[in-house]
>>> print(open('structure_13.csv').read())   # CSV, C-alpha atoms
chain,number,residue,atom,x,y,z
A,1,MET,CA,-2.9,-36.6,-1.0
A,2,ASP,CA,0.8,-37.3,-1.6
A,3,PHE,CA,2.9,-36.0,-4.4
A,4,VAL,CA,3.7,-39.5,-5.6
A,5,THR,CA,0.1,-40.4,-6.1
A,6,LEU,CA,-0.7,-37.4,-8.2
A,7,GLY,CA,2.4,-36.4,-10.1
A,8,GLY,CA,4.7,-39.5,-10.0
A,9,ASN,CA,8.1,-39.9,-8.4
A,10,LEU,CA,9.8,-36.8,-7.0
A,11,LEU,CA,12.7,-36.0,-9.4
A,12,GLY,CA,14.2,-33.3,-7.3
A,13,THR,CA,13.7,-30.0,-5.6
A,14,ILE,CA,14.9,-26.5,-6.3
A,15,SER,CA,15.1,-24.6,-3.0
A,16,LEU,CA,15.0,-20.8,-3.0
A,17,GLY,CA,14.9,-20.0,0.7
A,18,ASP,CA,11.5,-21.0,2.0
A,19,ILE,CA,10.1,-21.4,-1.5
A,20,VAL,CA,10.8,-24.9,-2.7
A,21,LEU,CA,10.0,-25.8,-6.3
A,22,TYR,CA,9.1,-29.5,-6.8
A,23,VAL,CA,9.9,-31.3,-10.0
A,24,THR,CA,7.7,-34.3,-10.6
A,25,PRO,CA,7.1,-35.9,-14.1
A,26,PHE,CA,3.6,-34.2,-14.1
A,27,SER,CA,4.8,-30.7,-13.3
A,28,LEU,CA,7.9,-31.1,-15.5
A,29,PHE,CA,5.7,-32.1,-18.5
A,30,LEU,CA,3.4,-29.1,-18.0
A,31,PHE,CA,6.4,-26.8,-17.6
A,32,VAL,CA,8.1,-28.0,-20.8
A,33,VAL,CA,5.0,-28.0,-22.9
A,34,LEU,CA,4.2,-24.4,-21.9
A,35,LEU,CA,7.7,-23.3,-22.6
A,36,ILE,CA,7.6,-24.9,-26.1
A,37,PHE,CA,4.3,-23.1,-26.8
A,38,THR,CA,5.8,-19.8,-25.6
A,39,LEU,CA,8.7,-20.3,-28.0
A,40,LEU,CA,6.3,-21.0,-30.9
A,41,ILE,CA,4.4,-17.8,-30.0
A,42,ALA,CA,7.6,-15.8,-29.7
A,43,ILE,CA,8.7,-16.6,-33.3
A,44,SER,CA,5.3,-16.4,-34.9
A,45,LYS,CA,3.9,-13.5,-36.9
A,46,THR,CA,0.4,-12.0,-36.8
A,47,GLU,CA,-2.3,-13.0,-39.3
A,48,THR,CA,-3.4,-10.6,-41.9
A,49,GLN,CA,-7.0,-10.6,-42.9
A,50,VAL,CA,-9.2,-9.3,-45.7
A,51,GLU,CA,-12.5,-7.8,-44.7
A,52,ALA,CA,-15.4,-7.1,-47.1
A,53,THR,CA,-16.7,-3.6,-46.9
A,54,PHE,CA,-20.4,-2.6,-46.8
A,55,ASN,CA,-21.9,-0.6,-49.7
A,56,LYS,CA,-18.7,-0.7,-51.7
A,57,LEU,CA,-17.0,-3.1,-54.0
A,58,GLY,CA,-13.5,-2.9,-52.4
A,59,ASN,CA,-12.0,-5.1,-49.7
A,60,THR,CA,-9.9,-3.8,-46.8
A,61,ASN,CA,-6.7,-5.4,-45.8
A,62,VAL,CA,-6.6,-5.5,-42.0
A,63,LYS,CA,-3.1,-5.4,-40.6
A,64,VAL,CA,-1.6,-5.0,-37.2
A,65,GLY,CA,0.8,-2.2,-36.7
A,66,LEU,CA,4.4,-2.9,-35.7
A,67,LYS,CA,3.9,-1.3,-32.3
A,68,GLU,CA,0.8,-3.2,-31.4
A,69,PHE,CA,2.4,-6.4,-32.7
A,70,LYS,CA,5.4,-5.9,-30.4
A,71,GLN,CA,3.4,-5.1,-27.4
A,72,ARG,CA,1.1,-8.1,-27.8
A,73,ARG,CA,4.0,-10.5,-28.5
A,74,PHE,CA,5.9,-9.2,-25.4
A,75,LEU,CA,2.9,-9.7,-23.1
A,76,SER,CA,2.2,-13.1,-24.5
A,77,VAL,CA,5.7,-14.3,-24.0
A,78,ILE,CA,5.7,-13.0,-20.4
A,79,CYS,CA,2.3,-14.7,-19.9
A,80,GLY,CA,3.7,-18.0,-21.1
A,81,ILE,CA,6.7,-17.8,-18.8
A,82,ALA,CA,4.5,-16.9,-15.8
A,83,SER,CA,2.2,-19.9,-16.6
A,84,ALA,CA,5.2,-22.1,-16.8
A,85,GLY,CA,6.4,-20.9,-13.4
A,86,ALA,CA,3.0,-21.6,-11.9
A,87,MET,CA,3.2,-25.1,-13.2
A,88,ILE,CA,6.4,-25.9,-11.3
A,89,THR,CA,6.0,-23.9,-8.1
A,90,GLY,CA,5.7,-25.7,-4.8
A,91,ASP,CA,4.5,-22.8,-2.6
A,92,LEU,CA,0.9,-21.7,-2.2
A,93,PHE,CA,1.6,-18.0,-2.0
A,94,ASN,CA,4.0,-18.2,-4.9
A,95,PHE,CA,1.2,-19.8,-6.9
A,96,THR,CA,-1.2,-17.0,-6.1
A,97,LEU,CA,1.4,-14.4,-7.2
A,98,PHE,CA,1.9,-16.2,-10.5
A,99,MET,CA,-1.9,-16.2,-10.9
A,100,ALA,CA,-2.1,-12.5,-10.3
A,101,LEU,CA,0.6,-11.9,-12.9
A,102,ILE,CA,-1.2,-14.1,-15.5
A,103,GLY,CA,-4.4,-12.3,-14.8
A,104,ILE,CA,-3.0,-8.8,-15.4
A,105,LEU,CA,-1.1,-10.0,-18.5
A,106,ASN,CA,-4.4,-11.5,-19.9
A,107,ILE,CA,-6.0,-8.1,-19.4
A,108,GLY,CA,-3.1,-6.5,-21.2
A,109,ILE,CA,-3.3,-8.9,-24.2
A,110,VAL,CA,-7.1,-8.4,-24.5
A,111,SER,CA,-6.8,-4.6,-24.2
A,112,ALA,CA,-4.0,-4.2,-26.8
A,113,VAL,CA,-6.6,-4.2,-29.6
A,114,LYS,CA,-7.6,-0.9,-31.2
A,115,GLN,CA,-11.4,-1.4,-31.0
A,116,THR,CA,-13.7,0.2,-28.6
A,117,SER,CA,-15.8,-2.9,-28.0
A,118,VAL,CA,-12.7,-4.9,-27.2
A,119,LEU,CA,-11.6,-2.3,-24.8
A,120,ASN,CA,-15.0,-2.3,-23.0
A,121,SER,CA,-14.7,-6.1,-22.7
A,122,ALA,CA,-11.2,-5.7,-21.3
A,123,TYR,CA,-12.5,-3.2,-18.8
A,124,GLN,CA,-15.1,-5.7,-17.5
A,125,TYR,CA,-12.4,-8.4,-17.2
A,126,GLY,CA,-10.3,-6.0,-15.3
A,127,LEU,CA,-13.1,-5.5,-12.8
A,128,ILE,CA,-13.2,-9.2,-12.2
A,129,ALA,CA,-9.5,-9.4,-11.8
A,130,MET,CA,-9.6,-6.6,-9.3
A,131,MET,CA,-12.4,-8.3,-7.3
A,132,CYS,CA,-10.7,-11.7,-7.2
A,133,SER,CA,-7.4,-10.5,-5.7
A,134,LEU,CA,-9.3,-10.6,-2.4
A,135,PRO,CA,-10.4,-14.3,-2.5
A,136,LEU,CA,-7.1,-15.3,-4.1
A,137,PHE,CA,-4.8,-13.9,-1.5
A,138,GLY,CA,-7.4,-14.1,1.3
A,139,GLY,CA,-7.7,-17.9,0.7
A,140,ALA,CA,-4.0,-18.4,0.8
A,141,SER,CA,-3.7,-16.4,4.0
A,142,ILE,CA,-6.6,-18.3,5.6
A,143,ILE,CA,-4.8,-21.6,4.8
A,144,LEU,CA,-1.6,-20.2,6.2
A,145,ALA,CA,-3.3,-19.0,9.4
A,146,SER,CA,-5.0,-22.4,9.8
A,147,THR,CA,-2.0,-24.6,9.1
A,148,GLY,CA,1.0,-22.4,9.8
A,149,THR,CA,2.7,-23.2,6.6
A,150,LEU,CA,2.5,-22.4,2.9
A,151,CYS,CA,4.7,-25.3,1.6
A,152,LEU,CA,2.7,-27.7,-0.5
A,153,ALA,CA,4.7,-30.7,0.6
A,154,ILE,CA,3.9,-30.1,4.3
A,155,LEU,CA,0.3,-29.1,3.5
A,156,SER,CA,-0.2,-32.4,1.7
A,157,GLN,CA,0.6,-34.3,4.8
A,158,MET,CA,-2.0,-32.4,6.9
A,159,HIS,CA,-5.6,-33.2,7.4
A,160,ALA,CA,-8.1,-30.6,6.2
A,161,ASN,CA,-10.2,-28.7,8.7
A,162,PRO,CA,-13.2,-26.6,7.9
A,163,MET,CA,-11.1,-23.4,7.8
A,164,VAL,CA,-8.7,-24.9,5.2
A,165,ILE,CA,-11.7,-26.0,3.1
A,166,PHE,CA,-13.1,-22.5,3.2
A,167,GLY,CA,-9.7,-21.0,2.3
A,168,ALA,CA,-9.5,-23.5,-0.7
A,169,VAL,CA,-13.0,-22.5,-1.9
A,170,LEU,CA,-12.0,-18.8,-1.7
A,171,MET,CA,-8.8,-19.6,-3.6
A,172,LEU,CA,-10.8,-21.6,-6.2
A,173,LEU,CA,-13.0,-18.5,-6.8
A,174,GLY,CA,-9.9,-16.4,-7.1
A,175,VAL,CA,-8.3,-18.8,-9.7
A,176,ILE,CA,-11.6,-18.8,-11.7
A,177,GLY,CA,-11.7,-15.0,-11.7
A,178,GLU,CA,-8.0,-14.4,-12.6
A,179,SER,CA,-7.7,-17.0,-15.3
A,180,GLY,CA,-10.8,-19.1,-15.7
A,181,VAL,CA,-13.1,-16.4,-17.0
A,182,ALA,CA,-10.5,-15.0,-19.4
A,183,PRO,CA,-11.7,-17.0,-22.4
A,184,PHE,CA,-15.2,-15.6,-21.9
A,185,PHE,CA,-13.9,-12.2,-22.6
A,186,ALA,CA,-11.4,-13.1,-25.2
A,187,SER,CA,-14.0,-14.8,-27.3
A,188,LYS,CA,-16.6,-12.1,-26.5
A,189,ALA,CA,-14.1,-9.6,-27.8
A,190,GLU,CA,-14.1,-11.6,-31.1
A,191,MET,CA,-10.4,-11.8,-30.8
A,192,PHE,CA,-10.2,-14.8,-33.1
A,193,ARG,CA,-11.5,-12.8,-35.9
A,194,THR,CA,-9.4,-9.7,-35.3
A,195,PRO,CA,-6.0,-9.6,-36.8
A,196,GLY,CA,-3.1,-10.8,-34.6
A,197,SER,CA,-4.8,-13.9,-33.5
A,198,PRO,CA,-1.9,-16.3,-32.5
A,199,PHE,CA,-1.1,-14.2,-29.4
A,200,ILE,CA,-4.6,-14.7,-28.0
A,201,VAL,CA,-4.2,-18.4,-27.9
A,202,ILE,CA,-1.9,-18.0,-24.9
A,203,ILE,CA,-4.8,-16.8,-22.8
A,204,HIS,CA,-6.7,-20.0,-23.4
A,205,LEU,CA,-3.6,-22.2,-23.1
A,206,SER,CA,-2.6,-20.6,-19.8
A,207,SER,CA,-6.1,-20.8,-18.3
A,208,LEU,CA,-6.4,-24.5,-19.3
A,209,PHE,CA,-3.0,-25.4,-17.7
A,210,ILE,CA,-3.7,-23.3,-14.6
A,211,ILE,CA,-7.0,-25.1,-14.0
A,212,VAL,CA,-5.2,-28.5,-14.2
A,213,ARG,CA,-2.5,-27.3,-11.8
A,214,ALA,CA,-5.1,-25.7,-9.5
A,215,VAL,CA,-7.0,-29.0,-9.3
A,216,GLU,CA,-3.7,-30.7,-8.3
A,217,ILE,CA,-3.0,-28.2,-5.6
A,218,PHE,CA,-6.5,-28.4,-4.2
A,219,LEU,CA,-6.2,-32.2,-4.1
A,220,LEU,CA,-2.9,-31.9,-2.3
A,221,ILE,CA,-4.4,-29.6,0.3
A,222,LEU,CA,-7.8,-31.1,0.9
A,223,TRP,CA,-7.4,-34.8,0.3
B,1,MET,CA,-37.1,-18.3,-18.2
B,2,ARG,CA,-35.7,-20.5,-21.0
B,3,ILE,CA,-32.1,-21.6,-20.9
B,4,GLY,CA,-31.3,-19.8,-24.1
B,5,ASP,CA,-32.2,-16.5,-22.4
B,6,ILE,CA,-29.8,-17.2,-19.6
B,7,TRP,CA,-27.0,-18.0,-22.1
B,8,ASN,CA,-27.7,-14.7,-23.9
B,9,LYS,CA,-27.6,-12.7,-20.7
B,10,LEU,CA,-24.3,-14.4,-19.8
B,11,ALA,CA,-22.9,-13.6,-23.2
B,12,ASP,CA,-23.0,-9.9,-22.4
B,13,PRO,CA,-19.6,-8.9,-20.9
B,14,LYS,CA,-21.3,-6.5,-18.6
B,15,ASN,CA,-23.1,-9.3,-16.7
B,16,VAL,CA,-20.1,-11.5,-15.9
B,17,PRO,CA,-18.6,-9.3,-13.2
B,18,ARG,CA,-22.0,-8.9,-11.5
B,19,ILE,CA,-22.5,-12.7,-11.4
B,20,PHE,CA,-19.0,-13.1,-10.1
B,21,ALA,CA,-19.4,-10.5,-7.4
B,22,PHE,CA,-22.7,-12.1,-6.3
B,23,CYS,CA,-21.0,-15.5,-5.9
B,24,LEU,CA,-18.1,-14.0,-4.1
B,25,GLY,CA,-20.5,-12.2,-1.7
B,26,ILE,CA,-22.4,-15.4,-0.9
B,27,ILE,CA,-19.2,-17.3,-0.2
B,28,LEU,CA,-17.9,-14.5,2.0
B,29,ILE,CA,-21.1,-14.5,4.0
B,30,VAL,CA,-20.8,-18.3,4.4
B,31,GLY,CA,-17.4,-17.6,5.8
B,32,PHE,CA,-18.9,-16.0,8.9
B,33,VAL,CA,-20.3,-19.4,10.1
B,34,VAL,CA,-17.1,-21.4,9.3
B,35,PRO,CA,-15.3,-22.3,12.5
B,36,MET,CA,-12.0,-20.6,12.6
B,37,ALA,CA,-9.2,-22.4,14.4
B,38,LEU,CA,-5.8,-20.6,14.2
B,39,ASN,CA,-2.7,-22.7,14.4
B,40,SER,CA,-0.3,-21.3,17.0
B,41,ASP,CA,2.7,-22.7,15.3
B,42,GLN,CA,3.2,-19.9,12.7
B,43,LEU,CA,6.1,-18.9,10.5
B,44,TYR,CA,8.0,-15.6,11.0
B,45,VAL,CA,6.6,-15.2,14.5
B,46,ARG,CA,7.0,-12.1,16.5
B,47,PRO,CA,6.4,-11.7,20.3
B,48,ALA,CA,3.1,-10.3,21.5
B,49,PRO,CA,3.3,-6.5,21.1
B,50,GLN,CA,2.7,-5.5,24.7
B,51,ASP,CA,5.5,-7.8,26.0
B,52,GLN,CA,8.3,-5.6,24.6
B,53,ILE,CA,6.6,-2.3,25.3
B,54,ASP,CA,6.2,-3.3,29.0
B,55,ALA,CA,9.8,-4.3,29.0
B,56,GLY,CA,10.7,-0.8,27.9
B,57,LEU,CA,12.7,-1.8,24.8
B,58,ALA,CA,13.5,1.1,22.4
B,59,LEU,CA,12.6,-1.0,19.3
B,60,ALA,CA,9.3,-2.4,20.7
B,61,PRO,CA,7.4,-4.2,19.2
B,62,TYR,CA,10.0,-5.1,16.5
B,63,ASP,CA,13.0,-6.0,18.7
B,64,ARG,CA,14.4,-9.3,17.5
B,65,GLY,CA,17.7,-9.2,19.2
B,66,GLY,CA,20.9,-10.2,17.4
B,67,GLU,CA,24.1,-8.3,16.6
B,68,VAL,CA,24.9,-7.4,13.0
B,69,LEU,CA,27.1,-10.1,11.3
B,70,LYS,CA,27.9,-11.7,14.6
B,71,ASP,CA,24.8,-13.0,16.4
B,72,PRO,CA,21.6,-13.9,14.5
B,73,GLY,CA,18.3,-12.4,15.6
B,74,PHE,CA,15.2,-14.5,16.2
B,75,ILE,CA,13.4,-15.4,13.0
B,76,LYS,CA,11.7,-18.8,12.4
B,77,PRO,CA,11.8,-19.9,8.7
B,78,GLN,CA,10.2,-22.9,7.2
B,79,PHE,CA,13.5,-24.5,6.1
B,80,PRO,CA,16.4,-23.2,8.2
B,81,GLU,CA,18.8,-25.3,6.2
B,82,ASN,CA,18.1,-23.2,3.1
B,83,ALA,CA,18.8,-19.9,4.9
B,84,GLU,CA,21.9,-20.4,6.9
B,85,GLN,CA,22.8,-16.7,7.3
B,86,LEU,CA,19.2,-15.7,8.3
B,87,GLY,CA,19.0,-13.1,11.1
B,88,MET,CA,22.5,-11.8,10.7
B,89,ILE,CA,21.5,-8.3,9.6
B,90,THR,CA,18.3,-8.1,11.6
B,91,GLY,CA,19.9,-5.9,14.2
B,92,TYR,CA,21.2,-3.3,11.7
B,93,MET,CA,20.1,0.3,12.1
B,94,SER,CA,21.3,3.3,10.2
B,95,PRO,CA,23.0,6.1,12.2
B,96,LEU,CA,19.8,8.2,11.9
B,97,ALA,CA,17.7,5.3,13.2
B,98,GLN,CA,20.1,4.8,16.1
B,99,TRP,CA,19.8,8.5,17.0
B,100,ILE,CA,16.0,8.5,16.8
B,101,SER,CA,15.8,5.3,18.9
B,102,SER,CA,18.0,6.9,21.5
B,103,ILE,CA,15.8,9.9,22.0
B,104,SER,CA,12.3,8.4,21.4
B,105,PRO,CA,10.5,5.4,23.0
B,106,TYR,CA,8.2,5.1,20.0
B,107,PHE,CA,10.8,4.3,17.4
B,108,GLY,CA,9.6,0.8,16.7
B,109,THR,CA,6.1,1.9,15.9
B,110,SER,CA,7.0,4.6,13.5
B,111,ILE,CA,7.1,3.5,9.9
B,112,TYR,CA,9.7,6.0,8.8
B,113,SER,CA,12.3,4.5,11.0
B,114,SER,CA,11.4,0.8,11.0
B,115,PRO,CA,14.6,-1.1,11.9
B,116,GLY,CA,14.1,-2.8,8.7
B,117,GLY,CA,16.4,-5.8,8.9
B,118,LEU,CA,13.5,-8.1,9.9
B,119,ILE,CA,11.2,-7.2,7.0
B,120,ASP,CA,14.0,-7.1,4.5
B,121,GLU,CA,15.3,-10.5,5.4
B,122,ILE,CA,11.9,-12.1,5.0
B,123,LEU,CA,11.3,-10.3,1.8
B,124,TYR,CA,14.7,-10.7,0.2
B,125,TYR,CA,16.1,-13.8,1.7
B,126,THR,CA,13.6,-16.5,2.7
B,127,ARG,CA,10.8,-15.4,0.3
B,128,GLY,CA,12.9,-13.5,-2.3
B,129,PHE,CA,11.1,-15.1,-5.2
B,130,ASP,CA,7.8,-13.7,-4.1
B,131,THR,CA,9.2,-10.2,-4.0
B,132,ILE,CA,10.5,-10.6,-7.6
B,133,LEU,CA,7.0,-11.7,-8.7
B,134,GLU,CA,5.3,-8.8,-6.8
B,135,SER,CA,7.5,-6.2,-8.5
B,136,SER,CA,7.0,-7.8,-11.9
B,137,ILE,CA,3.2,-7.7,-11.4
B,138,LEU,CA,3.6,-3.9,-10.8
B,139,MET,CA,5.9,-3.5,-13.7
B,140,MET,CA,3.4,-5.2,-16.1
B,141,ALA,CA,0.6,-3.1,-14.8
B,142,PHE,CA,2.5,0.0,-15.5
B,143,ILE,CA,3.5,-1.2,-19.0
B,144,ILE,CA,-0.1,-1.9,-19.9
B,145,ALA,CA,-1.4,1.3,-18.4
B,146,SER,CA,1.2,3.5,-20.1
B,147,TRP,CA,0.8,1.7,-23.5
B,148,LEU,CA,-3.0,2.3,-23.4
B,149,THR,CA,-2.5,5.9,-22.4
B,150,ILE,CA,-0.1,6.7,-25.2
B,151,ASN,CA,-1.9,4.8,-27.9
B,152,TYR,CA,-5.6,5.4,-27.2
B,153,THR,CA,-6.4,8.1,-24.7
B,154,MET,CA,-4.2,10.8,-26.2
B,155,ASN,CA,-3.9,9.6,-29.8
B,156,ARG,CA,-7.4,8.5,-30.7
B,157,ARG,CA,-7.8,11.5,-33.0
B,158,ASN,CA,-4.9,10.5,-35.2
B,159,ILE,CA,-6.2,7.1,-36.3
B,160,GLU,CA,-6.3,7.1,-40.1
B,161,LYS,CA,-9.8,5.5,-40.4
B,162,ASN,CA,-11.3,8.1,-38.1
B,163,ILE,CA,-9.7,10.9,-40.1
B,164,LYS,CA,-11.1,9.6,-43.3
B,165,LYS,CA,-14.6,9.2,-41.8
B,166,ASP,CA,-14.5,12.7,-40.4
B,167,VAL,CA,-13.4,14.1,-43.7
B,168,GLU,CA,-16.3,12.4,-45.5
B,169,ILE,CA,-18.8,13.7,-42.9
B,170,ALA,CA,-17.3,17.2,-43.3
B,171,ILE,CA,-17.7,17.0,-47.1
B,172,VAL,CA,-21.3,15.9,-46.8
B,173,ASN,CA,-22.0,18.6,-44.3
B,174,SER,CA,-20.4,21.4,-46.4
B,175,ALA,CA,-22.3,20.2,-49.5
B,176,LYS,CA,-25.5,20.4,-47.5
B,177,VAL,CA,-24.6,24.0,-46.3
B,178,ALA,CA,-23.8,25.0,-49.9
B,179,HIS,CA,-27.1,23.6,-51.1
B,180,GLU,CA,-29.0,25.5,-48.4
B,181,VAL,CA,-27.1,28.7,-49.3
B,182,ASN,CA,-28.0,28.2,-53.0
B,183,VAL,CA,-31.7,27.6,-52.2
B,184,ASN,CA,-31.9,30.7,-49.9
B,185,ASP,CA,-30.1,32.8,-52.6
B,186,GLU,CA,-32.6,31.9,-55.2
B,187,LYS,CA,-35.5,32.6,-52.9
B,188,ALA,CA,-34.1,36.0,-52.1
B,189,ARG,CA,-33.6,36.7,-55.8
B,190,ALA,CA,-37.2,35.6,-56.6
B,191,LYS,CA,-38.4,37.9,-53.8
B,192,GLN,CA,-36.4,40.8,-55.2
B,193,LEU,CA,-37.6,40.2,-58.8
B,194,ARG,CA,-41.3,40.2,-57.5
B,195,ARG,CA,-40.7,43.5,-55.7
B,196,ASP,CA,-39.1,45.1,-58.7
B,197,ASN,CA,-41.9,44.2,-61.0
>>> encode(input="structure_13.csv", output="structure tokens")
Amino acid sequence: MDFVTLGGNLLGTISLGDIVLYVTPFSLFLFVVLLIFTLLIAISKTETQVEATFNKLGNTNVKVGLKEFKQRRFLSVICGIASAGAMITGDLFNFTLFMALIGILNIGIVSAVKQTSVLNSAYQYGLIAMMCSLPLFGGASIILASTGTLCLAILSQMHANPMVIFGAVLMLLGVIGESGVAPFFASKAEMFRTPGSPFIVIIHLSSLFIIVRAVEIFLLILW
Amino acid sequence: MRIGDIWNKLADPKNVPRIFAFCLGIILIVGFVVPMALNSDQLYVRPAPQDQIDAGLALAPYDRGGEVLKDPGFIKPQFPENAEQLGMITGYMSPLAQWISSISPYFGTSIYSSPGGLIDEILYYTRGFDTILESSILMMAFIIASWLTINYTMNRRNIEKNIKKDVEIAIVNSAKVAHEVNVNDEKARAKQLRRDN
């Protein structure tokens, strides 16, 4: 499928050697929205919560320490920028690298909570992220071997053969593993009820946007 | 099995990687029967390894020709118009590399002396953005690992909540011990009194 059908008219290209970024109204919209959200997250503060204590009358004020706050804000901002980059990239291997970066940042955000159960959950998520680097990069390399190119503009003009379809399925599994399952673990870790919530939203936001972008890329390759 | 049971099993973080690994395994097995048709028109081609070895070149199988800053070597990029100076430093070798290539026919196959222009130009010129991303992935991994190490593995004993809990447990334990000592004391005294009488 052509760019114009999916994303609207081509506004321009940014060429960095063999990696050419394409600016269409669709990708530009996703890029700008993600950057705005990243800005909001960068200037926001963590929530403070009051927890009832068992067997006692007192309440505890749950706060996030300055160090933990800084670490999580840093990782969230980088995650937002990486997701924005994945929105605008026009190269298959570049996209997989952005995916790997988002995956490892998601693990970092989940694991920056001082609770053993959350850390266990982050460990399980890390296992998936390790596993799915094989299908992610393997899928991209199978598509490269089959078509001889990684550029999405040229790939979109080609007809899909069974090998490309297999590579795309592998890549889909990799995208699911790196980003799609992240909300499972984030919500399992009860991150929304632990202090410092606004930074966790970037995990969900980036995985939503990544799925939209991945669908566009698969349509370009396969259709 | 009811669907509620399946949801409950899926809700355990332990089970998600197992299900994922199972799906991945099945798809990889399906990959054995998918017809593989390689495209011969690849990017960043290199000649067949044995060609250069049979020709007796010192840099085999990595010889790309070219003279530094004068004559570009042979590299085929996707968009030649975006990389006009490509291949200009492919032929570069350090003095040490030149010396080794003059005395050894196996220079090109040894990693320590790779005549690196080729690799460097693909990494830092035509696909430079990828290299930036790769190194930032590594950097983020190190940041997360070091932060976890400093804040949890080494420092877990100093968390204030844990200290308070430990102190409470210690107080309860010492009270128990004191009580036992008291009880034993009185028993011994009673024994002594009985003996004296």
>>> interface_residues(input="structure_13.csv", of="chain B", to="chain A", cutoff="8 Å", atoms="all atoms listed in the file", output="PDB file with C-alpha atoms, in the coordinates of the input")
ATOM      1  CA  ALA B  11     -22.900 -13.600 -23.200  1.00  0.00           C
ATOM      2  CA  ASP B  12     -23.000  -9.900 -22.400  1.00  0.00           C
ATOM      3  CA  PRO B  13     -19.600  -8.900 -20.900  1.00  0.00           C
ATOM      4  CA  LYS B  14     -21.300  -6.500 -18.600  1.00  0.00           C
ATOM      5  CA  VAL B  16     -20.100 -11.500 -15.900  1.00  0.00           C
ATOM      6  CA  PRO B  17     -18.600  -9.300 -13.200  1.00  0.00           C
ATOM      7  CA  PHE B  20     -19.000 -13.100 -10.100  1.00  0.00           C
ATOM      8  CA  ALA B  21     -19.400 -10.500  -7.400  1.00  0.00           C
ATOM      9  CA  LEU B  24     -18.100 -14.000  -4.100  1.00  0.00           C
ATOM     10  CA  ILE B  27     -19.200 -17.300  -0.200  1.00  0.00           C
ATOM     11  CA  GLY B  31     -17.400 -17.600   5.800  1.00  0.00           C
ATOM     12  CA  VAL B  34     -17.100 -21.400   9.300  1.00  0.00           C
ATOM     13  CA  PRO B  35     -15.300 -22.300  12.500  1.00  0.00           C
ATOM     14  CA  MET B  36     -12.000 -20.600  12.600  1.00  0.00           C
ATOM     15  CA  ALA B  37      -9.200 -22.400  14.400  1.00  0.00           C
ATOM     16  CA  LEU B  38      -5.800 -20.600  14.200  1.00  0.00           C
ATOM     17  CA  ASN B  39      -2.700 -22.700  14.400  1.00  0.00           C
ATOM     18  CA  SER B  40      -0.300 -21.300  17.000  1.00  0.00           C
ATOM     19  CA  ASP B  41       2.700 -22.700  15.300  1.00  0.00           C
ATOM     20  CA  GLN B  42       3.200 -19.900  12.700  1.00  0.00           C
ATOM     21  CA  LEU B  43       6.100 -18.900  10.500  1.00  0.00           C
ATOM     22  CA  PRO B  77      11.800 -19.900   8.700  1.00  0.00           C
ATOM     23  CA  GLN B  78      10.200 -22.900   7.200  1.00  0.00           C
ATOM     24  CA  PHE B  79      13.500 -24.500   6.100  1.00  0.00           C
ATOM     25  CA  ASN B  82      18.100 -23.200   3.100  1.00  0.00           C
ATOM     26  CA  ALA B  83      18.800 -19.900   4.900  1.00  0.00           C
ATOM     27  CA  TYR B 125      16.100 -13.800   1.700  1.00  0.00           C
ATOM     28  CA  THR B 126      13.600 -16.500   2.700  1.00  0.00           C
ATOM     29  CA  ARG B 127      10.800 -15.400   0.300  1.00  0.00           C
ATOM     30  CA  GLY B 128      12.900 -13.500  -2.300  1.00  0.00           C
ATOM     31  CA  PHE B 129      11.100 -15.100  -5.200  1.00  0.00           C
ATOM     32  CA  ASP B 130       7.800 -13.700  -4.100  1.00  0.00           C
ATOM     33  CA  LEU B 133       7.000 -11.700  -8.700  1.00  0.00           C
ATOM     34  CA  GLU B 134       5.300  -8.800  -6.800  1.00  0.00           C
ATOM     35  CA  SER B 136       7.000  -7.800 -11.900  1.00  0.00           C
ATOM     36  CA  ILE B 137       3.200  -7.700 -11.400  1.00  0.00           C
ATOM     37  CA  MET B 140       3.400  -5.200 -16.100  1.00  0.00           C
ATOM     38  CA  ALA B 141       0.600  -3.100 -14.800  1.00  0.00           C
ATOM     39  CA  ILE B 144      -0.100  -1.900 -19.900  1.00  0.00           C
ATOM     40  CA  LEU B 148      -3.000   2.300 -23.400  1.00  0.00           C
ATOM     41  CA  TYR B 152      -5.600   5.400 -27.200  1.00  0.00           C
TER      42      TYR B 152
END
>>> atom_distance(input="structure_13.csv", atom1="atom CA of Phe3 of chain A", atom2="atom CA of Met158 of chain A")
12.8 Å
>>> atom_distance(input="structure_13.csv", atom1="atom CA of Ile6 of chain B", atom2="atom CA of Cys23 of chain B")
16.4 Å
>>> atom_distance(input="structure_13.csv", atom1="atom CA of Leu69 of chain B", atom2="atom CA of Thr13 of chain A")
29.3 Å
>>> residues_around(input="structure_13.csv", residues="Ser104 of chain B", least_positions_apart="3", cutoff="12 Å", atoms="all atoms listed in the file", output="ChimeraX atom specification")
/B:56-60,97-101,107-110,113
>>> residues_around(input="structure_13.csv", residues="Gln85 of chain B", least_positions_apart="3", cutoff="9 Å", atoms="only C-alpha atoms", output="MDAnalysis selection string")
chainID B and resid 69 72 88:89
>>> closest_residue(input="structure_13.csv", among="A:Val215, A:Ala182, A:Leu205, A:Val64", to="Asn106 of chain A", atoms="all atoms listed in the file")
A:Ala182
>>> residues_around(input="structure_13.csv", residues="segment 33-50 of chain A", least_positions_apart="6", cutoff="9 Å", atoms="only C-alpha atoms", output="PyMOL selection string")
chain A and resi 59-64+69+73-74+76-81+83-84+87+193-199+201-202+205-206+209
>>> closest_residue(input="structure_13.csv", among="A:Ile217, A:Ala52, A:Met1, A:Leu57", to="Leu92 of chain A", atoms="all atoms listed in the file")
A:Ile217
